[in-house]
Amino acid sequence: MADPDVRVAPWWRMVGRALLLRCPHCGARGLQRGWLRLVDACPRCGLRLERGESDYFLGAYLVNLLVAEFIVAGILVGVAIATWPDVPWTLIQWGGIAAVIGGVIVAYPFSKLTWLAWDLSLRPLTAAELAWHRRGGGDGEELPHR
Ligand SMILES: [Zn+2]
């Protein structure tokens, strides 16, 4: 029987929790210290949000960039189609720049937690890894991988 602390939720539930800014693993709240700052570890289950890997932010960066860019590109294409043939190109140019910058900031916490949810679905948490997270990780102790 699976350890209830490392029971793997379906991917869609973990992504849903992430989109509600909750811990993808256990669903706990309280992961934010501000819009652009998250806690190091979940206050309930102890999972470190970067899973103890120094380059973990790259996945969140990719999700953030793709989501922000596709949403803004879709909106700009919609504006161009809706206003054709008198497309406000200057508004699209400067509004697009502002929207991309704003979109990346708005999407930041969602992308970070969504990446964690995706990673947890691809590399499920083990009891050994969760114990490592709860001990605080680091301090020369290597992260146990599957
Ligand atoms: Zn948690």
# chains A, B, ... in the order shown; residues from 1 in each chain; ligands from 1
$ select_by_dssp --residues "chain A" --states "strand (DSSP E)" --output "list in words"
Gln32, Arg33, Gly34, Arg37 and Leu38 of chain A
$ closest_atom_pairs --of "chain A" --to "ligand 1" --cutoff "6 Å" --atoms "only C-alpha atoms and all ligand atoms" --output "JSON lines"
{"residue": "A:Cys23", "atom": "CA", "partner": "ligand 1", "partner_atom_place_in_ligand_line": "1 (Zn)", "distance": 4.6}
{"residue": "A:His25", "atom": "CA", "partner": "ligand 1", "partner_atom_place_in_ligand_line": "1 (Zn)", "distance": 5.1}
{"residue": "A:Cys26", "atom": "CA", "partner": "ligand 1", "partner_atom_place_in_ligand_line": "1 (Zn)", "distance": 4.1}
{"residue": "A:Gly27", "atom": "CA", "partner": "ligand 1", "partner_atom_place_in_ligand_line": "1 (Zn)", "distance": 5.9}
{"residue": "A:Ala28", "atom": "CA", "partner": "ligand 1", "partner_atom_place_in_ligand_line": "1 (Zn)", "distance": 5.3}
{"residue": "A:Cys42", "atom": "CA", "partner": "ligand 1", "partner_atom_place_in_ligand_line": "1 (Zn)", "distance": 4.6}
{"residue": "A:Arg44", "atom": "CA", "partner": "ligand 1", "partner_atom_place_in_ligand_line": "1 (Zn)", "distance": 5.1}
{"residue": "A:Cys45", "atom": "CA", "partner": "ligand 1", "partner_atom_place_in_ligand_line": "1 (Zn)", "distance": 4.1}
{"residue": "A:Leu47", "atom": "CA", "partner": "ligand 1", "partner_atom_place_in_ligand_line": "1 (Zn)", "distance": 5.8}
$ write_last_selection --atoms "N, CA and C atoms" --output "short mmCIF file (atom, residue, chain, number, x, y, z; two decimals), in the first residue's frame"
data_model
loop_
_atom_site.label_atom_id
_atom_site.label_comp_id
_atom_site.auth_asym_id
_atom_site.auth_seq_id
_atom_site.Cartn_x
_atom_site.Cartn_y
_atom_site.Cartn_z
N CYS A 23 -0.23 24.11 -3.06
CA CYS A 23 0.81 23.10 -3.26
C CYS A 23 0.28 22.00 -4.19
N HIS A 25 1.29 19.06 -4.58
CA HIS A 25 1.35 17.74 -3.95
C HIS A 25 0.23 17.53 -2.93
N CYS A 26 0.04 18.48 -2.01
CA CYS A 26 -0.92 18.27 -0.92
C CYS A 26 -2.11 19.23 -0.94
N GLY A 27 -2.04 20.30 -1.74
CA GLY A 27 -3.14 21.24 -1.84
C GLY A 27 -3.13 22.34 -0.79
N ALA A 28 -2.06 22.44 0.00
CA ALA A 28 -2.00 23.46 1.05
C ALA A 28 -1.90 24.87 0.46
N CYS A 42 6.65 23.84 1.14
CA CYS A 42 5.24 23.82 1.50
C CYS A 42 5.12 23.75 3.02
N ARG A 44 2.75 22.59 4.80
CA ARG A 44 2.08 21.37 5.28
C ARG A 44 2.92 20.12 5.02
N CYS A 45 3.27 19.87 3.77
CA CYS A 45 3.93 18.59 3.45
C CYS A 45 5.46 18.70 3.46
N LEU A 47 7.44 19.74 1.05
CA LEU A 47 8.05 19.65 -0.28
C LEU A 47 8.70 20.98 -0.64
#
$ residues_around --residues "region 49-54 of chain A" --least-positions-apart "4" --cutoff "10 Å" --atoms "only C-alpha atoms" --output "count of residues only"
28
$ residues_around --residues "Ala80 (chain A)" --least-positions-apart "5" --cutoff "12 Å" --atoms "only C-alpha atoms" --output "list in words"
Ala73, Gly74, Ile75, Pro85, Asp86, Val87, Pro88, Trp89, Thr90, Leu91, Ile92, Gln93 and Gly96 of chain A
$ residues_around --residues "Tyr108 (chain A)" --least-positions-apart "2" --cutoff "12 Å" --atoms "only C-alpha atoms" --output "PyMOL selection string"
chain A and resi 18-19+21+32+34-38+57+59-68+101-106+110-115
$ select_by_dssp --residues "region 8-142 of chain A" --states "alpha helix (DSSP H)" --output "PyMOL selection string"
chain A and resi 11-19+57-83+89-122+127-134
$ atom_distance --atom1 "CA of Ser121 (chain A)" --atom2 "CA of Arg48 (chain A)"
15.6 Å
$ atom_distance --atom1 "CA of Val15 (chain A)" --atom2 "CA of Arg29 (chain A)"
14.3 Å
$ atom_distance --atom1 "CA of Pro43 (chain A)" --atom2 "CA of Gly30 (chain A)"
7.2 Å
